[in-house]
Amino acid sequence: MRQAAQKLEAGFIGEMLKHAGLGTRDAFGGGTGEAQFVSFLRAEQAKAIALAGGIGLAETLFEALKERADAR
C-alpha cells in the first residue's frame, strides 16, 4: 500500500511540476530530443521527491488506507 501511495504522490508532484513550468520546452536549449524526453525527466524528478518524503501526501494516504483495512 505504501508503494501505491508513493506512486500516486509522485504523479501528483509531477503534475505540479508541469504546471509550475519545470521542463517546459527550451529549458535545456530546445531541440527535438528535449521535446520528446522532458516528461521522463519530470517524472523521475517527481519520483525522487516523493521517495525523499515528498509533501506528505503518500504518508497520509497510506495511513488512511491502513486504518480502513484494519477496520475490516
# chains A, B, ... in the order shown; residues from 1 in each chain; ligands from 1
>>> residues_around(residues="A:Ile55", least_positions_apart="5", cutoff="9 Å", atoms="only C-alpha atoms", output="JSON, numbers by chain")
{"A": [9, 13, 49, 50]}
>>> residues_around(residues="stretch 60-68 of chain A", least_positions_apart="4", cutoff="7 Å", atoms="only C-alpha atoms", output="mmCIF file with C-alpha atoms, in the first residue's frame")
data_model
loop_
_atom_site.group_PDB
_atom_site.id
_atom_site.type_symbol
_atom_site.label_atom_id
_atom_site.label_comp_id
_atom_site.auth_asym_id
_atom_site.auth_seq_id
_atom_site.Cartn_x
_atom_site.Cartn_y
_atom_site.Cartn_z
ATOM 1 C CA MET A 1 0.000 0.000 0.000
ATOM 2 C CA ARG A 2 2.873 2.362 0.778
ATOM 3 C CA ALA A 5 0.651 5.809 -2.173
ATOM 4 C CA GLY A 56 3.420 14.203 2.963
ATOM 5 C CA ARG A 72 -12.427 -4.675 8.308
#
>>> select_by_dssp(residues="stretch 9-48 of chain A", states="helix (DSSP H, G or I)", output="number ranges by chain")
A: 9-20, 32-48
